[in-house]
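Quick look at protein-v4.cif (mmCIF, all heavy atoms):
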data_final
loop_
_atom_site.label_atom_id
_atom_site.label_comp_id
_atom_site.auth_asym_id
_atom_site.auth_seq_id
_atom_site.Cartn_x
_atom_site.Cartn_y
_atom_site.Cartn_z
N MET A 7 105.05 32.02 -11.30
CA MET A 7 104.62 32.47 -10.00
C MET A 7 103.72 33.70 -10.17
O MET A 7 103.94 34.50 -11.07
CB MET A 7 105.83 32.80 -9.13
CG MET A 7 105.46 33.40 -7.79
SD MET A 7 106.84 33.59 -6.68
CE MET A 7 106.63 32.09 -5.76
N ARG A 8 102.77 33.83 -9.30
CA ARG A 8 101.82 34.95 -9.33
C ARG A 8 102.21 36.02 -8.33
O ARG A 8 102.87 35.76 -7.33
CB ARG A 8 100.40 34.45 -8.99
CG ARG A 8 99.84 33.51 -10.03
CD ARG A 8 99.55 34.28 -11.26
NE ARG A 8 98.91 33.46 -12.26
CZ ARG A 8 98.87 33.77 -13.53
NH1 ARG A 8 99.44 34.88 -13.93
NH2 ARG A 8 98.30 33.00 -14.40
N CYS A 9 101.76 37.24 -8.58
CA CYS A 9 101.99 38.37 -7.69
C CYS A 9 101.27 38.13 -6.36
O CYS A 9 100.15 37.62 -6.33
CB CYS A 9 101.47 39.65 -8.35
SG CYS A 9 101.61 41.12 -7.30
N HIS A 10 101.90 38.53 -5.29
CA HIS A 10 101.33 38.41 -3.95
C HIS A 10 100.06 39.25 -3.79
O HIS A 10 99.18 38.91 -3.02
CB HIS A 10 102.38 38.83 -2.92
CG HIS A 10 101.93 38.81 -1.51
ND1 HIS A 10 101.75 37.62 -0.81
CD2 HIS A 10 101.63 39.81 -0.65
CE1 HIS A 10 101.35 37.91 0.41
NE2 HIS A 10 101.27 39.22 0.54
N TYR A 11 99.97 40.36 -4.53
CA TYR A 11 98.86 41.30 -4.37
C TYR A 11 97.76 41.16 -5.42
O TYR A 11 96.64 41.59 -5.18
CB TYR A 11 99.38 42.74 -4.41
CG TYR A 11 100.31 43.06 -3.26
CD1 TYR A 11 101.68 43.09 -3.44
CD2 TYR A 11 99.80 43.31 -1.99
CE1 TYR A 11 102.53 43.38 -2.39
CE2 TYR A 11 100.64 43.59 -0.93
CZ TYR A 11 102.01 43.62 -1.14
OH TYR A 11 102.84 43.90 -0.10
N CYS A 12 98.08 40.63 -6.58
CA CYS A 12 97.07 40.48 -7.63
C CYS A 12 97.30 39.16 -8.35
O CYS A 12 98.16 38.39 -7.98
CB CYS A 12 97.13 41.66 -8.61
SG CYS A 12 98.62 41.71 -9.64
N ASP A 13 96.56 38.93 -9.39
CA ASP A 13 96.67 37.66 -10.12
C ASP A 13 97.67 37.73 -11.27
O ASP A 13 97.80 36.80 -12.04
CB ASP A 13 95.28 37.27 -10.64
CG ASP A 13 95.21 35.82 -11.05
OD1 ASP A 13 95.90 34.99 -10.41
OD2 ASP A 13 94.49 35.51 -12.02
N GLY A 14 98.41 38.85 -11.37
CA GLY A 14 99.36 39.02 -12.46
C GLY A 14 100.59 38.14 -12.30
O GLY A 14 100.87 37.61 -11.22
N ASN A 15 101.32 37.98 -13.40
CA ASN A 15 102.57 37.23 -13.35
C ASN A 15 103.61 38.00 -12.56
O ASN A 15 103.75 39.22 -12.71
CB ASN A 15 103.10 36.98 -14.76
CG ASN A 15 102.29 35.94 -15.50
OD1 ASN A 15 101.80 34.99 -14.91
ND2 ASN A 15 102.15 36.13 -16.80
N ALA A 16 104.36 37.30 -11.73
CA ALA A 16 105.41 37.93 -10.93
C ALA A 16 106.60 38.27 -11.82
O ALA A 16 107.10 37.44 -12.55
CB ALA A 16 105.84 37.00 -9.81
N ALA A 17 107.04 39.51 -11.74
CA ALA A 17 108.23 39.96 -12.46
C ALA A 17 109.46 39.83 -11.56
O ALA A 17 110.58 39.70 -12.05
CB ALA A 17 108.06 41.41 -12.91
N VAL A 18 109.23 39.86 -10.25
CA VAL A 18 110.31 39.79 -9.26
C VAL A 18 109.89 38.81 -8.17
O VAL A 18 108.73 38.80 -7.75
CB VAL A 18 110.55 41.18 -8.63
CG1 VAL A 18 111.61 41.12 -7.56
CG2 VAL A 18 110.90 42.20 -9.68
N THR A 19 110.83 38.00 -7.71
CA THR A 19 110.55 37.12 -6.58
C THR A 19 111.62 37.32 -5.52
O THR A 19 112.76 37.66 -5.82
CB THR A 19 110.53 35.63 -7.00
OG1 THR A 19 111.79 35.28 -7.55
CG2 THR A 19 109.42 35.35 -7.99
N ALA A 20 111.24 37.12 -4.29
CA ALA A 20 112.16 37.19 -3.17
C ALA A 20 111.89 36.00 -2.27
O ALA A 20 110.75 35.56 -2.13
CB ALA A 20 111.96 38.49 -2.40
N GLU A 21 112.96 35.50 -1.66
CA GLU A 21 112.81 34.34 -0.79
C GLU A 21 113.62 34.57 0.48
O GLU A 21 114.76 35.03 0.43
CB GLU A 21 113.30 33.08 -1.49
CG GLU A 21 113.11 31.84 -0.66
CD GLU A 21 113.50 30.56 -1.41
OE1 GLU A 21 113.91 30.64 -2.56
OE2 GLU A 21 113.38 29.50 -0.79
N THR A 22 113.01 34.27 1.60
CA THR A 22 113.70 34.30 2.88
C THR A 22 113.08 33.28 3.81
O THR A 22 111.85 33.14 3.84
CB THR A 22 113.69 35.71 3.51
OG1 THR A 22 114.47 35.70 4.70
CG2 THR A 22 112.30 36.18 3.84
N GLY A 23 113.89 32.56 4.49
CA GLY A 23 113.38 31.56 5.42
C GLY A 23 112.50 30.52 4.78
O GLY A 23 111.58 30.01 5.42
N GLY A 24 112.73 30.22 3.52
CA GLY A 24 111.93 29.23 2.82
C GLY A 24 110.61 29.74 2.28
O GLY A 24 109.85 29.00 1.66
N VAL A 25 110.30 31.02 2.51
CA VAL A 25 109.06 31.61 2.00
C VAL A 25 109.41 32.43 0.76
O VAL A 25 110.27 33.30 0.80
CB VAL A 25 108.40 32.53 3.07
CG1 VAL A 25 107.17 33.20 2.49
CG2 VAL A 25 108.06 31.73 4.30
N LYS A 26 108.72 32.13 -0.34
CA LYS A 26 108.97 32.81 -1.60
C LYS A 26 107.75 33.64 -1.98
O LYS A 26 106.62 33.15 -1.93
CB LYS A 26 109.25 31.78 -2.69
CG LYS A 26 109.86 32.33 -3.94
CD LYS A 26 110.29 31.20 -4.86
CE LYS A 26 111.08 31.71 -6.03
NZ LYS A 26 111.55 30.63 -6.88
N VAL A 27 108.00 34.92 -2.32
CA VAL A 27 106.92 35.84 -2.66
C VAL A 27 107.23 36.48 -4.00
O VAL A 27 108.37 36.84 -4.28
CB VAL A 27 106.78 36.94 -1.58
CG1 VAL A 27 105.73 37.94 -1.95
CG2 VAL A 27 106.47 36.32 -0.23
N GLY A 28 106.21 36.63 -4.83
CA GLY A 28 106.37 37.26 -6.13
C GLY A 28 105.60 38.57 -6.20
O GLY A 28 104.57 38.73 -5.55
N LEU A 29 106.12 39.50 -7.00
CA LEU A 29 105.44 40.77 -7.24
C LEU A 29 105.45 41.07 -8.73
O LEU A 29 106.48 40.88 -9.39
CB LEU A 29 106.15 41.92 -6.51
CG LEU A 29 106.17 41.89 -5.00
CD1 LEU A 29 107.05 42.99 -4.46
CD2 LEU A 29 104.77 42.01 -4.44
N CYS A 30 104.31 41.54 -9.23
CA CYS A 30 104.28 42.00 -10.61
C CYS A 30 105.03 43.33 -10.67
O CYS A 30 105.38 43.92 -9.64
CB CYS A 30 102.83 42.18 -11.09
SG CYS A 30 101.92 43.49 -10.25
N GLU A 31 105.30 43.82 -11.85
CA GLU A 31 106.09 45.05 -12.00
C GLU A 31 105.42 46.24 -11.31
O GLU A 31 106.08 47.02 -10.62
CB GLU A 31 106.31 45.36 -13.48
CG GLU A 31 107.25 46.52 -13.70
CD GLU A 31 107.59 46.76 -15.16
OE1 GLU A 31 107.43 45.84 -15.98
OE2 GLU A 31 108.03 47.87 -15.46
N GLN A 32 104.11 46.37 -11.47
CA GLN A 32 103.40 47.50 -10.86
C GLN A 32 103.51 47.46 -9.33
O GLN A 32 103.82 48.47 -8.70
CB GLN A 32 101.92 47.48 -11.26
CG GLN A 32 101.12 48.57 -10.58
CD GLN A 32 99.62 48.46 -10.86
OE1 GLN A 32 99.20 47.72 -11.75
NE2 GLN A 32 98.83 49.18 -10.10
N HIS A 33 103.24 46.31 -8.74
CA HIS A 33 103.30 46.22 -7.28
C HIS A 33 104.73 46.32 -6.76
O HIS A 33 104.97 46.85 -5.68
CB HIS A 33 102.60 44.96 -6.79
CG HIS A 33 101.12 45.09 -6.84
ND1 HIS A 33 100.34 44.33 -7.68
CD2 HIS A 33 100.28 45.92 -6.18
CE1 HIS A 33 99.07 44.69 -7.52
NE2 HIS A 33 99.01 45.65 -6.62
N PHE A 34 105.70 45.83 -7.53
CA PHE A 34 107.10 45.98 -7.14
C PHE A 34 107.47 47.46 -7.09
O PHE A 34 108.07 47.93 -6.11
CB PHE A 34 108.01 45.25 -8.13
CG PHE A 34 109.47 45.48 -7.87
CD1 PHE A 34 110.10 44.91 -6.79
CD2 PHE A 34 110.21 46.29 -8.72
CE1 PHE A 34 111.45 45.13 -6.55
CE2 PHE A 34 111.55 46.52 -8.50
CZ PHE A 34 112.18 45.94 -7.41
N ARG A 35 107.08 48.22 -8.11
CA ARG A 35 107.37 49.66 -8.13
C ARG A 35 106.68 50.38 -6.98
O ARG A 35 107.27 51.26 -6.35
CB ARG A 35 106.96 50.27 -9.46
CG ARG A 35 107.83 49.84 -10.62
CD ARG A 35 107.34 50.46 -11.93
NE ARG A 35 108.09 49.97 -13.06
CZ ARG A 35 109.24 50.49 -13.48
NH1 ARG A 35 109.75 51.52 -12.84
NH2 ARG A 35 109.87 50.00 -14.51
N GLU A 36 105.43 50.02 -6.70
CA GLU A 36 104.71 50.65 -5.59
C GLU A 36 105.40 50.37 -4.26
O GLU A 36 105.58 51.28 -3.44
CB GLU A 36 103.27 50.15 -5.54
CG GLU A 36 102.40 50.68 -6.66
CD GLU A 36 101.01 50.06 -6.67
OE1 GLU A 36 100.65 49.31 -5.72
OE2 GLU A 36 100.28 50.31 -7.65
N ARG A 37 105.77 49.14 -4.01
CA ARG A 37 106.44 48.77 -2.76
C ARG A 37 107.80 49.46 -2.66
O ARG A 37 108.19 49.94 -1.59
CB ARG A 37 106.61 47.26 -2.65
CG ARG A 37 105.32 46.51 -2.46
CD ARG A 37 104.65 46.81 -1.13
NE ARG A 37 105.51 46.41 -0.04
CZ ARG A 37 105.68 47.06 1.11
NH1 ARG A 37 105.02 48.16 1.35
NH2 ARG A 37 106.49 46.62 2.03
N LEU A 38 108.53 49.52 -3.77
CA LEU A 38 109.84 50.17 -3.76
C LEU A 38 109.69 51.65 -3.44
O LEU A 38 110.46 52.21 -2.66
CB LEU A 38 110.52 49.98 -5.12
CG LEU A 38 111.98 50.35 -5.20
CD1 LEU A 38 112.81 49.57 -4.19
CD2 LEU A 38 112.51 50.11 -6.60
N ARG A 39 108.67 52.29 -3.99
CA ARG A 39 108.39 53.70 -3.71
C ARG A 39 108.08 53.89 -2.23
O ARG A 39 108.60 54.80 -1.58
CB ARG A 39 107.23 54.21 -4.57
CG ARG A 39 107.03 55.70 -4.51
CD ARG A 39 105.93 56.20 -5.45
NE ARG A 39 105.93 55.58 -6.77
CZ ARG A 39 104.96 54.75 -7.21
NH1 ARG A 39 103.93 54.47 -6.45
NH2 ARG A 39 105.03 54.23 -8.42
N GLU A 40 107.23 53.03 -1.68
CA GLU A 40 106.90 53.10 -0.25
C GLU A 40 108.14 52.93 0.62
O GLU A 40 108.33 53.67 1.59
CB GLU A 40 105.87 52.02 0.11
CG GLU A 40 104.50 52.26 -0.45
CD GLU A 40 103.57 51.06 -0.25
OE1 GLU A 40 103.88 50.18 0.60
OE2 GLU A 40 102.54 50.99 -0.94
N LEU A 41 108.96 51.96 0.28
CA LEU A 41 110.16 51.71 1.06
C LEU A 41 111.15 52.87 0.97
O LEU A 41 111.79 53.22 1.96
CB LEU A 41 110.83 50.40 0.61
CG LEU A 41 110.06 49.14 0.92
CD1 LEU A 41 110.72 47.94 0.24
CD2 LEU A 41 109.97 48.91 2.42
N SER A 42 111.25 53.48 -0.21
CA SER A 42 112.20 54.59 -0.38
C SER A 42 111.79 55.82 0.41
O SER A 42 112.62 56.67 0.71
CB SER A 42 112.35 54.94 -1.86
OG SER A 42 111.19 55.57 -2.35
N GLU A 43 110.52 55.90 0.79
CA GLU A 43 110.03 57.03 1.58
C GLU A 43 110.01 56.74 3.07
O GLU A 43 109.64 57.59 3.87
CB GLU A 43 108.62 57.41 1.10
CG GLU A 43 108.60 57.91 -0.33
CD GLU A 43 107.20 58.04 -0.91
OE1 GLU A 43 106.22 57.66 -0.24
OE2 GLU A 43 107.09 58.51 -2.05
N SER A 44 110.46 55.55 3.48
CA SER A 44 110.40 55.15 4.88
C SER A 44 111.58 55.71 5.68
O SER A 44 112.64 56.03 5.14
CB SER A 44 110.39 53.63 5.00
OG SER A 44 111.65 53.10 4.67
N GLU A 45 111.38 55.81 6.98
CA GLU A 45 112.42 56.29 7.87
C GLU A 45 113.60 55.31 7.91
O GLU A 45 114.76 55.73 7.98
CB GLU A 45 111.85 56.46 9.27
CG GLU A 45 112.82 57.12 10.24
CD GLU A 45 112.19 57.42 11.57
OE1 GLU A 45 111.03 57.87 11.60
OE2 GLU A 45 112.86 57.19 12.58
N GLU A 46 113.31 54.03 7.83
CA GLU A 46 114.36 53.02 7.84
C GLU A 46 115.29 53.19 6.65
O GLU A 46 116.51 53.05 6.77
CB GLU A 46 113.78 51.60 7.84
CG GLU A 46 113.07 51.23 9.12
CD GLU A 46 111.62 51.70 9.16
OE1 GLU A 46 111.13 52.31 8.18
OE2 GLU A 46 110.98 51.47 10.19
N PHE A 47 114.73 53.50 5.49
CA PHE A 47 115.54 53.70 4.29
C PHE A 47 116.40 54.96 4.44
O PHE A 47 117.57 54.96 4.07
CB PHE A 47 114.65 53.80 3.05
CG PHE A 47 115.42 53.82 1.77
CD1 PHE A 47 115.92 52.66 1.23
CD2 PHE A 47 115.65 55.01 1.09
CE1 PHE A 47 116.64 52.67 0.04
CE2 PHE A 47 116.36 55.04 -0.09
CZ PHE A 47 116.86 53.86 -0.62
N ALA A 48 115.84 56.01 5.00
CA ALA A 48 116.59 57.24 5.24
C ALA A 48 117.76 56.97 6.18
O ALA A 48 118.87 57.47 5.96
CB ALA A 48 115.68 58.32 5.79
N ASP A 49 117.53 56.17 7.22
CA ASP A 49 118.60 55.81 8.15
C ASP A 49 119.69 55.02 7.43
O ASP A 49 120.88 55.25 7.66
CB ASP A 49 118.06 54.97 9.31
CG ASP A 49 117.15 55.76 10.24
OD1 ASP A 49 117.17 57.02 10.19
OD2 ASP A 49 116.41 55.12 11.01
N LEU A 50 119.30 54.12 6.56
CA LEU A 50 120.26 53.33 5.80
C LEU A 50 121.08 54.23 4.87
O LEU A 50 122.29 54.09 4.78
CB LEU A 50 119.55 52.24 5.00
CG LEU A 50 120.43 51.33 4.16
CD1 LEU A 50 121.45 50.61 5.03
CD2 LEU A 50 119.58 50.34 3.40
N GLU A 51 120.41 55.18 4.21
CA GLU A 51 121.12 56.12 3.33
C GLU A 51 122.16 56.91 4.11
O GLU A 51 123.28 57.10 3.65
CB GLU A 51 120.13 57.09 2.67
CG GLU A 51 119.44 56.53 1.46
CD GLU A 51 118.60 57.57 0.77
OE1 GLU A 51 117.91 58.36 1.46
OE2 GLU A 51 118.64 57.60 -0.48
N GLU A 52 121.78 57.37 5.30
CA GLU A 52 122.73 58.11 6.13
C GLU A 52 123.93 57.26 6.49
O GLU A 52 125.07 57.71 6.42
CB GLU A 52 122.05 58.58 7.43
CG GLU A 52 121.34 59.89 7.31
CD GLU A 52 120.81 60.36 8.65
OE1 GLU A 52 121.47 60.16 9.68
OE2 GLU A 52 119.70 60.93 8.64
N LYS A 53 123.68 56.04 6.87
CA LYS A 53 124.76 55.14 7.25
C LYS A 53 125.71 54.89 6.09
O LYS A 53 126.92 54.91 6.24
CB LYS A 53 124.19 53.82 7.75
CG LYS A 53 125.23 52.86 8.26
CD LYS A 53 124.62 51.61 8.83
CE LYS A 53 125.70 50.69 9.34
NZ LYS A 53 125.18 49.45 9.91
N ILE A 54 125.14 54.70 4.92
CA ILE A 54 125.97 54.46 3.73
C ILE A 54 126.79 55.69 3.39
O ILE A 54 127.97 55.59 3.08
CB ILE A 54 125.10 54.02 2.54
CG1 ILE A 54 124.52 52.64 2.80
CG2 ILE A 54 125.90 54.05 1.24
CD1 ILE A 54 123.47 52.21 1.81
N ASP A 55 126.19 56.87 3.47
CA ASP A 55 126.91 58.12 3.18
C ASP A 55 128.06 58.34 4.16
O ASP A 55 129.14 58.76 3.78
CB ASP A 55 125.96 59.32 3.22
CG ASP A 55 125.04 59.37 2.02
OD1 ASP A 55 125.31 58.71 1.01
OD2 ASP A 55 124.04 60.11 2.10
N VAL A 56 127.83 58.04 5.43
CA VAL A 56 128.86 58.24 6.45
C VAL A 56 130.03 57.30 6.20
O VAL A 56 131.18 57.68 6.37
CB VAL A 56 128.27 58.01 7.87
CG1 VAL A 56 129.38 57.94 8.90
CG2 VAL A 56 127.29 59.12 8.20
N GLU A 57 129.75 56.09 5.81
CA GLU A 57 130.79 55.09 5.63
C GLU A 57 131.37 55.08 4.22
O GLU A 57 132.27 54.30 3.93
CB GLU A 57 130.24 53.71 5.97
CG GLU A 57 129.84 53.61 7.44
CD GLU A 57 129.23 52.28 7.79
OE1 GLU A 57 129.16 51.40 6.92
OE2 GLU A 57 128.83 52.11 8.95
N SER A 58 130.90 55.96 3.36
CA SER A 58 131.40 56.00 1.99
C SER A 58 132.84 56.47 1.94
O SER A 58 133.26 57.34 2.72
CB SER A 58 130.52 56.96 1.16
OG SER A 58 131.02 57.05 -0.15
N THR A 59 133.62 55.91 1.02
CA THR A 59 135.03 56.30 0.89
C THR A 59 135.23 57.45 -0.08
O THR A 59 136.34 57.91 -0.27
CB THR A 59 135.89 55.09 0.44
OG1 THR A 59 135.38 54.62 -0.82
CG2 THR A 59 135.85 54.00 1.49
N GLU A 60 134.17 57.89 -0.71
CA GLU A 60 134.29 58.99 -1.69
C GLU A 60 134.21 60.33 -1.02
O GLU A 60 133.63 60.59 -0.06
CB GLU A 60 133.19 58.86 -2.73
CG GLU A 60 133.41 57.64 -3.59
CD GLU A 60 132.39 57.57 -4.70
OE1 GLU A 60 132.10 58.59 -5.35
OE2 GLU A 60 131.85 56.48 -4.90
#
Once you've parsed the file, please lay out its structure as structure tokens.
Amino acid sequence: MRCHYCDGNAAVTAETGGVKVGLCEQHFRERLRELSESEEFADLEEKIDVESTE
């Protein structure tokens, strides 16, 4: 499978609703970085911290 953003080989694939998308390592890291800086991710971190048993 090829990367969704470039012609490189996909290192990671994800599938939902029958749609499968691949990302090369570089684009996977870029997307992960973007997601980790998002407000949605911060909200999720807060929720996990609140519900943590530690």
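As for atom N of A:Asp55 and atom CE2 of A:Phe34, they are spaced 21.6 Å apart.
Within stretch 8-56 of chain A, DSSP applied to the backbone places the following residues in strand (DSSP E or B): Arg8, Asn15, Val18, Thr19, Ala20, Glu21, Thr22, Val25, Lys26, Val27, Gly28 and Leu29 of chain A.
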How would you write, as a list in words, the residues chosen by the PyMOL selection byres (((chain A and resi 15 and name CA) around 12) and name CA) on this structure?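 For this structure, the PyMOL selection byres (((chain A and resi 15 and name CA) around 12) and name CA) captures Met7, Arg8, Cys9, His10, Tyr11, Cys12, Asp13, Gly14, Ala16, Ala17, Val18, Thr19, Val27, Gly28, Leu29, Cys30, Glu31, Gln32, His33 and Phe34 of chain A.
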Atom OE2 of A:Glu52 and atom O of A:Glu40 are how many Å apart?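 Separating atom OE2 of A:Glu52 from atom O of A:Glu40 is a distance of 15.2 Å.
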Distance atom CA of A:Glu51-atom CD of A:Arg37, one decimal place?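 These two atoms are separated by 19.4 Å.
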From a DSSP pass on the backbone, collect the residues of chain A flagged as alpha helix (DSSP H) and hand them back as a PyMOL selection string. chain A and resi 31-42+45-57
